$ cat input08.txt   # compact mmCIF, C-alpha atoms
# COMPACT_ATOMS: atom_id res chain seq x y z
CA MET A 1 -16.15 28.92 18.20
CA GLY A 2 -15.59 25.33 17.22
CA LYS A 3 -17.59 22.52 18.76
CA LYS A 4 -15.86 20.33 21.30
CA ILE A 5 -15.65 16.61 20.69
CA LYS A 6 -15.33 13.70 23.08
CA ASP A 7 -11.94 12.51 24.20
CA PRO A 8 -10.44 10.74 21.14
CA GLY A 9 -8.42 8.45 23.39
CA ILE A 10 -5.78 10.72 24.91
CA GLY A 11 -7.50 11.50 28.21
CA ASN A 12 -9.15 14.61 29.59
CA THR A 13 -6.64 15.14 32.39
CA SER A 14 -3.78 17.53 31.66
CA ALA A 15 -1.04 19.40 33.56
CA GLN A 16 0.36 22.90 33.77
CA TYR A 17 3.55 22.00 31.92
CA VAL A 18 2.29 19.15 29.80
CA GLY A 19 4.77 17.95 27.19
CA ARG A 20 4.30 17.01 23.57
CA LEU A 21 1.81 14.16 23.06
CA ILE A 22 3.30 12.86 19.79
CA ASP A 23 7.04 12.54 19.17
CA ASP A 24 8.83 13.14 15.87
CA ASN A 25 8.47 9.46 14.94
CA GLY A 26 4.68 9.56 15.22
CA PHE A 27 4.43 7.64 18.51
CA PHE A 28 2.67 8.75 21.67
CA ASN A 29 4.99 10.06 24.39
CA VAL A 30 3.97 7.66 27.14
CA VAL A 31 6.32 6.56 29.93
CA HIS A 32 5.36 3.05 31.09
CA LEU A 33 5.94 2.26 34.77
CA ASN A 34 5.63 -1.15 36.45
CA LYS A 35 4.73 -2.78 33.16
CA SER A 36 5.51 -6.49 33.05
CA LYS A 37 7.80 -7.53 30.23
CA ARG A 38 6.91 -10.53 28.08
CA PHE A 39 9.10 -12.47 25.69
CA SER A 40 6.38 -12.13 23.05
CA GLU A 41 7.12 -8.38 22.92
CA ALA A 42 10.66 -9.07 21.68
CA TYR A 43 9.42 -9.54 18.12
CA ASN A 44 7.64 -6.18 18.11
CA TYR A 45 10.73 -4.51 19.58
CA LEU A 46 13.11 -6.04 17.03
CA ILE A 47 10.78 -5.20 14.15
CA ASN A 48 10.56 -1.52 15.08
CA ILE A 49 14.13 -0.62 16.07
CA SER A 50 16.36 1.09 13.52
CA TRP A 51 18.31 -0.93 10.96
CA GLY A 52 21.59 0.10 12.56
CA ALA A 53 20.46 -1.04 16.01
CA PHE A 54 19.09 -4.28 14.55
CA PHE A 55 22.36 -5.26 12.84
CA CYS A 56 24.45 -4.20 15.85
CA LEU A 57 22.28 -6.28 18.18
CA SER A 58 22.48 -9.27 15.80
CA PHE A 59 26.27 -9.02 15.58
CA VAL A 60 26.73 -8.62 19.35
CA SER A 61 24.43 -11.62 19.97
CA TYR A 62 26.44 -13.69 17.49
CA ILE A 63 29.78 -12.76 19.11
CA PHE A 64 28.41 -13.32 22.63
CA ALA A 65 27.02 -16.77 21.81
CA ASN A 66 30.25 -17.94 20.18
CA THR A 67 32.33 -16.54 23.05
CA CYS A 68 30.26 -18.51 25.56
CA PHE A 69 30.65 -21.73 23.59
CA ALA A 70 34.38 -21.07 23.14
CA PHE A 71 34.80 -20.98 26.92
CA LEU A 72 32.82 -24.23 27.17
CA TYR A 73 35.21 -25.93 24.73
CA LEU A 74 38.15 -24.63 26.76
CA LEU A 75 36.63 -26.07 29.95
CA ILE A 76 36.07 -29.41 28.25
CA GLY A 77 39.58 -29.35 26.85
CA ILE A 78 40.84 -27.86 23.61
CA GLU A 79 42.37 -31.26 22.79
CA GLU A 80 38.88 -32.56 21.96
CA ILE A 81 38.64 -30.28 18.91
CA THR A 82 42.24 -29.52 17.93
CA VAL A 83 45.85 -29.79 19.06
CA ALA A 84 46.68 -27.57 22.05
CA SER A 85 48.97 -24.69 21.10
CA GLY A 86 50.35 -24.03 24.55
CA SER A 87 48.96 -20.48 24.50
CA VAL A 88 45.69 -19.76 26.31
CA LEU A 89 44.87 -16.91 23.92
CA GLN A 90 45.57 -19.00 20.81
CA ASP A 91 43.53 -21.88 22.22
CA PHE A 92 40.65 -19.48 22.89
CA PHE A 93 40.73 -18.22 19.31
CA ASN A 94 40.80 -21.79 18.00
CA ALA A 95 37.79 -22.61 20.19
CA PHE A 96 36.03 -19.43 19.04
CA PHE A 97 36.59 -20.17 15.35
CA PHE A 98 35.42 -23.75 15.81
CA SER A 99 32.34 -22.44 17.60
CA SER A 100 31.64 -20.02 14.73
CA GLN A 101 31.88 -22.83 12.17
CA THR A 102 29.55 -25.01 14.25
CA PHE A 103 27.11 -22.17 14.99
CA THR A 104 26.78 -21.36 11.28
CA THR A 105 26.87 -25.11 10.33
CA LEU A 106 29.73 -24.21 7.99
CA GLY A 107 32.38 -26.67 9.15
CA TYR A 108 35.60 -26.39 7.16
CA GLY A 109 36.82 -29.75 8.49
CA ALA A 110 40.12 -28.53 9.94
CA MET A 111 38.71 -28.91 13.46
CA SER A 112 36.11 -31.39 14.68
CA PRO A 113 34.92 -32.82 18.01
CA THR A 114 36.66 -36.04 19.01
CA GLY A 115 35.21 -36.58 22.47
CA MET A 116 31.75 -37.25 23.88
CA ALA A 117 31.52 -33.93 25.77
CA SER A 118 32.63 -31.79 22.83
CA GLY A 119 30.28 -33.73 20.55
CA ILE A 120 27.28 -33.06 22.80
CA VAL A 121 28.11 -29.35 23.14
CA SER A 122 28.70 -28.91 19.39
CA SER A 123 25.38 -30.67 18.62
CA ILE A 124 23.51 -28.33 20.94
CA GLU A 125 25.32 -25.34 19.48
CA ALA A 126 24.44 -26.36 15.92
CA PHE A 127 20.76 -26.54 16.90
CA ILE A 128 20.91 -23.12 18.60
CA GLY A 129 22.68 -21.69 15.55
CA LEU A 130 19.95 -22.98 13.24
CA MET A 131 17.29 -21.40 15.47
CA PHE A 132 19.23 -18.13 15.63
CA PHE A 133 19.51 -17.74 11.87
CA ALA A 134 15.93 -18.88 11.31
CA PHE A 135 14.78 -16.22 13.79
CA ALA A 136 17.03 -13.57 12.20
CA THR A 137 15.76 -14.45 8.72
CA GLY A 138 12.17 -14.14 9.91
CA LEU A 139 12.93 -10.75 11.42
CA LEU A 140 14.56 -9.55 8.21
CA TYR A 141 11.52 -10.61 6.21
CA GLY A 142 9.20 -9.01 8.75
CA ARG A 143 11.11 -5.73 8.67
CA PHE A 144 11.07 -5.58 4.86
CA SER A 145 7.45 -6.67 4.47
CA LYS A 146 5.93 -4.67 7.32
CA PRO A 147 3.57 -2.05 5.88
CA LYS A 148 4.89 1.35 6.85
CA ALA A 149 3.90 4.80 5.70
CA ALA A 150 6.62 7.10 4.40
CA ILE A 151 5.10 10.55 4.80
CA ARG A 152 7.25 13.61 5.26
CA PHE A 153 5.80 16.49 7.25
CA THR A 154 7.12 20.03 7.12
CA LYS A 155 9.04 21.12 10.18
CA HIS A 156 7.01 24.32 10.38
CA LEU A 157 3.36 25.12 11.00
CA VAL A 158 2.67 28.55 9.51
CA LEU A 159 -0.08 31.13 10.04
CA ASN A 160 -0.81 33.33 7.07
CA ASP A 161 -3.56 35.25 5.30
CA PHE A 162 -6.12 33.10 3.55
CA LYS A 163 -9.04 34.68 1.71
CA GLU A 164 -10.79 36.91 4.28
CA HIS A 165 -9.24 35.25 7.32
CA LYS A 166 -6.07 33.70 8.63
CA ALA A 167 -5.22 30.04 8.20
CA LEU A 168 -2.94 27.43 9.71
CA MET A 169 -0.95 25.53 7.10
CA PHE A 170 1.49 22.66 6.88
CA ARG A 171 2.28 20.36 4.03
CA ILE A 172 3.14 16.74 3.40
CA GLU A 173 4.79 14.70 0.70
CA ASN A 174 5.44 11.06 -0.05
CA ASP A 175 8.97 10.11 0.97
CA ARG A 176 8.92 7.34 -1.65
CA LYS A 177 8.67 7.59 -5.42
CA SER A 178 5.42 5.63 -5.43
CA THR A 179 2.08 7.45 -5.62
CA MET A 180 -0.11 7.84 -2.56
CA ILE A 181 -3.62 6.67 -3.49
CA HIS A 182 -6.62 8.40 -1.88
CA PRO A 183 -4.72 10.11 0.95
CA LYS A 184 -6.89 11.59 3.68
CA VAL A 185 -5.99 13.80 6.61
CA ALA A 186 -7.62 14.27 10.01
CA VAL A 187 -6.42 16.99 12.39
CA THR A 188 -7.40 17.15 16.07
CA LEU A 189 -6.67 20.19 18.22
CA THR A 190 -6.05 19.60 21.90
CA LEU A 191 -6.09 22.63 24.20
CA SER A 192 -4.98 22.37 27.82
CA LYS A 193 -6.90 24.77 30.05
CA LYS A 194 -7.42 25.43 33.75
CA ASN A 195 -10.98 24.87 34.92
CA LYS A 196 -12.84 26.53 37.79
CA LYS A 197 -11.53 23.94 40.24
CA GLY A 198 -7.95 24.84 39.40
CA GLU A 199 -7.41 21.56 37.54
CA TYR A 200 -5.89 21.35 34.08
CA VAL A 201 -8.04 19.55 31.53
CA ASN A 202 -7.90 18.89 27.81
CA ASP A 203 -10.46 20.17 25.34
CA PHE A 204 -10.57 18.49 21.93
CA TYR A 205 -11.71 19.82 18.56
CA ASN A 206 -11.80 18.36 15.07
CA LEU A 207 -10.36 21.00 12.76
CA GLU A 208 -12.23 21.54 9.52
CA LEU A 209 -9.85 21.47 6.57
CA LYS A 210 -10.32 23.06 3.16
CA ARG A 211 -9.65 19.62 1.71
CA ASP A 212 -9.26 16.50 3.82
CA THR A 213 -8.86 14.02 0.98
CA ILE A 214 -7.56 13.92 -2.59
CA ASN A 215 -7.31 11.20 -5.21
CA TYR A 216 -3.53 10.88 -5.41
CA LEU A 217 -0.40 12.70 -4.31
CA PRO A 218 2.61 12.71 -6.66
CA THR A 219 4.13 15.96 -5.30
CA THR A 220 3.20 17.92 -2.15
CA TRP A 221 -0.08 18.75 -0.44
CA THR A 222 -0.62 21.86 1.67
CA ILE A 223 -3.14 21.22 4.44
CA VAL A 224 -5.15 24.34 5.28
CA HIS A 225 -7.35 25.11 8.28
CA GLU A 226 -9.10 28.45 7.84
CA ILE A 227 -9.67 30.29 11.12
CA ASP A 228 -13.24 31.37 10.45
CA LYS A 229 -16.24 31.52 12.79
CA GLN A 230 -16.39 27.70 12.88
CA SER A 231 -12.80 27.39 14.08
CA PRO A 232 -11.97 26.87 17.78
CA LEU A 233 -9.18 29.42 17.30
CA TYR A 234 -11.53 32.14 16.02
CA GLY A 235 -11.33 35.32 18.07
CA PHE A 236 -7.74 34.88 19.16
CA LEU A 237 -5.15 37.41 18.10
CA GLU A 238 -2.16 36.04 16.20
CA ASN A 239 0.21 36.27 19.16
CA ASP A 240 -2.44 34.87 21.50
CA ILE A 241 -2.69 31.67 19.44
CA THR A 242 0.98 30.93 20.01
CA LYS A 243 0.51 31.46 23.75
CA GLN A 244 -2.11 28.71 23.97
CA GLN A 245 -1.02 25.38 25.42
CA GLY A 246 -2.19 23.34 22.50
CA GLU A 247 -1.14 20.75 19.97
CA LEU A 248 -2.34 19.72 16.51
CA ILE A 249 -2.44 15.95 16.20
CA VAL A 250 -2.33 14.91 12.55
CA MET A 251 -3.17 11.48 11.17
CA VAL A 252 -2.67 10.70 7.48
CA SER A 253 -4.02 7.53 5.87
CA TYR A 254 -3.59 6.35 2.31
CA TYR A 255 -3.48 3.26 0.14
CA ASP A 256 0.09 2.19 -0.55
CA GLU A 257 0.55 0.42 -3.87
CA SER A 258 3.81 -1.18 -2.69
CA PHE A 259 2.11 -3.05 0.19
CA ASN A 260 -1.37 -3.21 -1.41
CA GLN A 261 -3.07 -2.01 1.76
CA GLU A 262 -3.89 1.13 3.71
CA VAL A 263 -1.19 2.59 5.93
CA HIS A 264 -1.24 5.36 8.53
CA GLN A 265 1.18 7.86 10.01
CA MET A 266 0.85 10.45 12.79
CA TYR A 267 2.59 13.72 13.54
CA SER A 268 1.96 16.78 15.66
CA TYR A 269 2.63 20.51 15.84
CA LEU A 270 2.68 22.70 18.94
CA LEU A 271 0.80 26.01 18.75
CA LYS A 272 3.71 27.80 20.40
CA ASP A 273 5.92 26.86 17.41
CA ILE A 274 3.69 28.52 14.81
CA LYS A 275 5.55 30.75 12.35
CA LEU A 276 3.47 33.93 12.09
CA ASN A 277 3.04 35.55 8.68
CA TYR A 278 5.08 33.01 6.76
CA ARG A 279 4.26 30.91 3.71
CA PHE A 280 5.74 27.88 1.98
CA ILE A 281 7.53 28.41 -1.29
CA LYS A 282 6.72 26.38 -4.36
CA THR A 283 8.62 23.11 -4.57
CA TYR A 284 8.04 22.04 -8.16
CA HIS A 285 8.32 23.40 -11.68
CA TYR A 286 8.30 22.14 -15.27
CA ASN A 287 11.54 21.69 -17.21
CA GLU A 288 12.16 22.33 -20.90
CA ASN A 289 10.85 18.84 -21.71
CA GLY A 290 7.55 19.55 -20.02
CA LYS A 291 8.22 17.19 -17.11
CA MET A 292 7.36 18.10 -13.57
CA VAL A 293 10.44 18.54 -11.36
CA LEU A 294 10.03 18.28 -7.58
CA ASP A 295 12.84 19.83 -5.53
CA HIS A 296 12.81 18.13 -2.14
CA LYS A 297 15.28 20.63 -0.70
CA LEU A 298 12.55 23.28 -0.90
CA PHE A 299 10.00 21.23 1.02
CA ASP A 300 10.65 22.90 4.40
CA VAL A 301 11.58 26.34 3.09
CA ILE A 302 9.34 29.22 4.18
CA GLU A 303 9.42 32.93 3.46
CA SER A 304 8.02 35.93 5.27
CA THR A 305 4.92 37.60 3.85
CA LYS A 306 5.74 40.89 5.53
CA SER A 307 7.54 43.40 3.34

$ encode --input "input08.txt" --output "structure tokens"
Amino acid sequence: MGKKIKDPGIGNTSAQYVGRLIDDNGFFNVVHLNKSKRFSEAYNYLINISWGAFFCLSFVSYIFANTCFAFLYLLIGIEEITVASGSVLQDFFNAFFFSSQTFTTLGYGAMSPTGMASGIVSSIEAFIGLMFFAFATGLLYGRFSKPKAAIRFTKHLVLNDFKEHKALMFRIENDRKSTMIHPKVAVTLTLSKKNKKGEYVNDFYNLELKRDTINYLPTTWTIVHEIDKQSPLYGFLENDITKQQGELIVMVSYYDESFNQEVHQMYSYLLKDIKLNYRFIKTYHYNENGKMVLDHKLFDVIESTKS
């Protein structure tokens, strides 16, 4: 039986129907209640949201700001920037287009402020526009330059024969064409059990891997935990392992040559999702020119070992 370790930071308290600790994006599934919100957290939020959400939010903010200023110009009087058309809708569009030109500091010259009030508002808007685009440019640079791992994990965790025992296996690959330098893997098993007091608690184990580090990774790497006498899963029948309320928490670290620093990524597998008596098929071969060919479509493909 494997040796328990101290709480790695998750907490010893558990529950009967505890959910997954790590989501598919590698973040901890924590619901924050009564947490005060700070403006300083906006940068972290905007850096981490998806590209689609980022551009949509930027566009909506741009439209909203110009709409607000367009209404201000209408309140001041459209005559201070252009000749009134007699149509409220047309005047609004004229005010909106003037606002857009001022906000972006473009200024075609067809419309310009002629009164004190419109001049003050347009000056303030130009300043806000400069700040907006400076902030957006900084966010774009931050999103592109932020070190981020690009590791792909197989969807399946398989249990198959390995030497004289059984072994848990999953594999990883680099989702970029660059080479992962000195990748290393650490796997922690968390088991939720009911103690003598009737309370659910977490037990933690570091799983020993056949190899936890390699020099570089140009293709795929199958991570193997042999269920021998040193394993916390030793003594369980195959079907009993899948009945355990447990989760494998995986952390991969490597040196990324694109960012010139070490990056990390996390993932997890639930024991109940183990594919019994399956194995991964080979994902690469050599072509007629002697070059290695990696077929990414085969990365998640498994096959049964039972005839």

$ closest_atom_pairs --input "input08.txt" --of "range 140-220 of chain A" --to "range 245-248 of chain A" --cutoff "7 Å" --atoms "only C-alpha atoms" --output "JSON lines"
{"residue": "A:Val187", "atom": "CA", "partner": "A:Leu248", "partner_atom": "CA", "distance": 6.4}
{"residue": "A:Thr188", "atom": "CA", "partner": "A:Leu248", "partner_atom": "CA", "distance": 5.7}
{"residue": "A:Leu189", "atom": "CA", "partner": "A:Leu248", "partner_atom": "CA", "distance": 4.7}
{"residue": "A:Thr190", "atom": "CA", "partner": "A:Glu247", "partner_atom": "CA", "distance": 5.4}
{"residue": "A:Leu191", "atom": "CA", "partner": "A:Gly246", "partner_atom": "CA", "distance": 4.3}
{"residue": "A:Ser192", "atom": "CA", "partner": "A:Gln245", "partner_atom": "CA", "distance": 5.5}

$ residues_around --input "input08.txt" --residues "range 281-292 of chain A" --least-positions-apart "5" --cutoff "7 Å" --atoms "all atoms listed in the file" --output "CSV table (one decimal) with C-alpha atoms, in the frame of the given file"
chain,number,residue,atom,x,y,z
A,298,LEU,CA,12.6,23.3,-0.9
A,299,PHE,CA,10.0,21.2,1.0
A,301,VAL,CA,11.6,26.3,3.1
A,302,ILE,CA,9.3,29.2,4.2
A,303,GLU,CA,9.4,32.9,3.5

$ closest_atom_pairs --input "input08.txt" --of "range 136-248 of chain A" --to "range 24-40 of chain A" --cutoff "12 Å" --atoms "only C-alpha atoms" --output "JSON lines"
{"residue": "A:Lys148", "atom": "CA", "partner": "A:Gly26", "partner_atom": "CA", "distance": 11.7}
{"residue": "A:Ala149", "atom": "CA", "partner": "A:Gly26", "partner_atom": "CA", "distance": 10.7}
{"residue": "A:Ala150", "atom": "CA", "partner": "A:Asn25", "partner_atom": "CA", "distance": 11.0}
{"residue": "A:Ile151", "atom": "CA", "partner": "A:Gly26", "partner_atom": "CA", "distance": 10.5}
{"residue": "A:Arg152", "atom": "CA", "partner": "A:Asn25", "partner_atom": "CA", "distance": 10.6}
{"residue": "A:Phe153", "atom": "CA", "partner": "A:Asp24", "partner_atom": "CA", "distance": 9.7}
{"residue": "A:Thr154", "atom": "CA", "partner": "A:Asp24", "partner_atom": "CA", "distance": 11.3}
{"residue": "A:Lys155", "atom": "CA", "partner": "A:Asp24", "partner_atom": "CA", "distance": 9.8}

$ atom_distance --input "input08.txt" --atom1 "CA of Lys163 in chain A" --atom2 "CA of Asp240 in chain A"
20.9 Å

$ residues_around --input "input08.txt" --residues "range 130-135 of chain A" --least-positions-apart "2" --cutoff "8 Å" --atoms "only C-alpha atoms" --output "list in words"
Phe103, Thr104, Thr105, Ala126, Phe127, Ile128, Thr137, Gly138 and Leu139 of chain A

$ residues_around --input "input08.txt" --residues "Phe97 in chain A" --least-positions-apart "5" --cutoff "9 Å" --atoms "only C-alpha atoms" --output "PyMOL selection string"
chain A and resi 66+70+92+102

$ closest_residue --input "input08.txt" --among "A:Thr67, A:Ser112, A:Asn195, A:Asn160" --to "Ser14 in chain A" --atoms "only C-alpha atoms"
A:Asn195

$ atom_distance --input "input08.txt" --atom1 "CA of Thr222 in chain A" --atom2 "CA of Asp161 in chain A"
14.2 Å

$ atom_distance --input "input08.txt" --atom1 "CA of Gly52 in chain A" --atom2 "CA of Gln101 in chain A"
25.1 Å

$ closest_residue --input "input08.txt" --among "A:Lys194, A:His296, A:Arg176, A:Lys272" --to "Ser258 in chain A" --atoms "only C-alpha atoms"
A:Arg176

$ residues_around --input "input08.txt" --residues "Ala167 in chain A" --least-positions-apart "6" --cutoff "9 Å" --atoms "all atoms listed in the file" --output "PyMOL selection string"
chain A and resi 158-161+224-228

$ closest_residue --input "input08.txt" --among "A:Val121, A:Tyr254, A:His264, A:Leu140" --to "Ser178 in chain A" --atoms "all atoms listed in the file"
A:Tyr254

$ closest_residue --input "input08.txt" --among "A:Asn94, A:Asn239, A:Gln265, A:Ser253" --to "Tyr216 in chain A" --atoms "all atoms listed in the file"
A:Ser253

$ closest_residue --input "input08.txt" --among "A:Ser268, A:Gln261, A:Ser304, A:Thr219" --to "Ile172 in chain A" --atoms "all atoms listed in the file"
A:Thr219

$ build_atoms --input "input08.txt" --residues "range 229-242 of chain A" --atoms "N, CA and C atoms" --output "PDB file, keeping the file's coordinate frame"
ATOM      1  N   LYS A 229     -15.359  31.561  11.622  1.00  0.00           N
ATOM      2  CA  LYS A 229     -16.240  31.520  12.790  1.00  0.00           C
ATOM      3  C   LYS A 229     -16.451  30.092  13.316  1.00  0.00           C
ATOM      4  N   GLN A 230     -16.214  29.084  12.463  1.00  0.00           N
ATOM      5  CA  GLN A 230     -16.390  27.700  12.880  1.00  0.00           C
ATOM      6  C   GLN A 230     -15.141  27.120  13.534  1.00  0.00           C
ATOM      7  N   SER A 231     -14.068  27.884  13.539  1.00  0.00           N
ATOM      8  CA  SER A 231     -12.800  27.390  14.080  1.00  0.00           C
ATOM      9  C   SER A 231     -12.720  27.615  15.586  1.00  0.00           C
ATOM     10  N   PRO A 232     -12.152  26.666  16.334  1.00  0.00           N
ATOM     11  CA  PRO A 232     -11.970  26.870  17.780  1.00  0.00           C
ATOM     12  C   PRO A 232     -10.944  27.948  18.098  1.00  0.00           C
ATOM     13  N   LEU A 233     -10.185  28.378  17.098  1.00  0.00           N
ATOM     14  CA  LEU A 233      -9.180  29.420  17.300  1.00  0.00           C
ATOM     15  C   LEU A 233      -9.701  30.800  16.889  1.00  0.00           C
ATOM     16  N   TYR A 234     -10.943  30.861  16.462  1.00  0.00           N
ATOM     17  CA  TYR A 234     -11.530  32.140  16.020  1.00  0.00           C
ATOM     18  C   TYR A 234     -11.648  33.086  17.224  1.00  0.00           C
ATOM     19  N   GLY A 235     -11.254  34.313  17.013  1.00  0.00           N
ATOM     20  CA  GLY A 235     -11.330  35.320  18.070  1.00  0.00           C
ATOM     21  C   GLY A 235     -10.009  35.565  18.772  1.00  0.00           C
ATOM     22  N   PHE A 236      -9.062  34.670  18.577  1.00  0.00           N
ATOM     23  CA  PHE A 236      -7.740  34.880  19.160  1.00  0.00           C
ATOM     24  C   PHE A 236      -6.906  35.785  18.251  1.00  0.00           C
ATOM     25  N   LEU A 237      -6.125  36.660  18.862  1.00  0.00           N
ATOM     26  CA  LEU A 237      -5.150  37.410  18.100  1.00  0.00           C
ATOM     27  C   LEU A 237      -4.003  36.492  17.718  1.00  0.00           C
ATOM     28  N   GLU A 238      -3.237  36.892  16.696  1.00  0.00           N
ATOM     29  CA  GLU A 238      -2.160  36.040  16.200  1.00  0.00           C
ATOM     30  C   GLU A 238      -1.213  35.612  17.311  1.00  0.00           C
ATOM     31  N   ASN A 239      -0.738  36.584  18.088  1.00  0.00           N
ATOM     32  CA  ASN A 239       0.210  36.270  19.160  1.00  0.00           C
ATOM     33  C   ASN A 239      -0.439  35.461  20.278  1.00  0.00           C
ATOM     34  N   ASP A 240      -1.745  35.616  20.453  1.00  0.00           N
ATOM     35  CA  ASP A 240      -2.440  34.870  21.500  1.00  0.00           C
ATOM     36  C   ASP A 240      -2.530  33.385  21.146  1.00  0.00           C
ATOM     37  N   ILE A 241      -2.626  33.077  19.858  1.00  0.00           N
ATOM     38  CA  ILE A 241      -2.690  31.670  19.440  1.00  0.00           C
ATOM     39  C   ILE A 241      -1.429  30.934  19.862  1.00  0.00           C
ATOM     40  N   THR A 242      -0.289  31.577  19.673  1.00  0.00           N
ATOM     41  CA  THR A 242       0.980  30.930  20.010  1.00  0.00           C
ATOM     42  C   THR A 242       1.179  30.798  21.519  1.00  0.00           C
TER      43      THR A 242
END
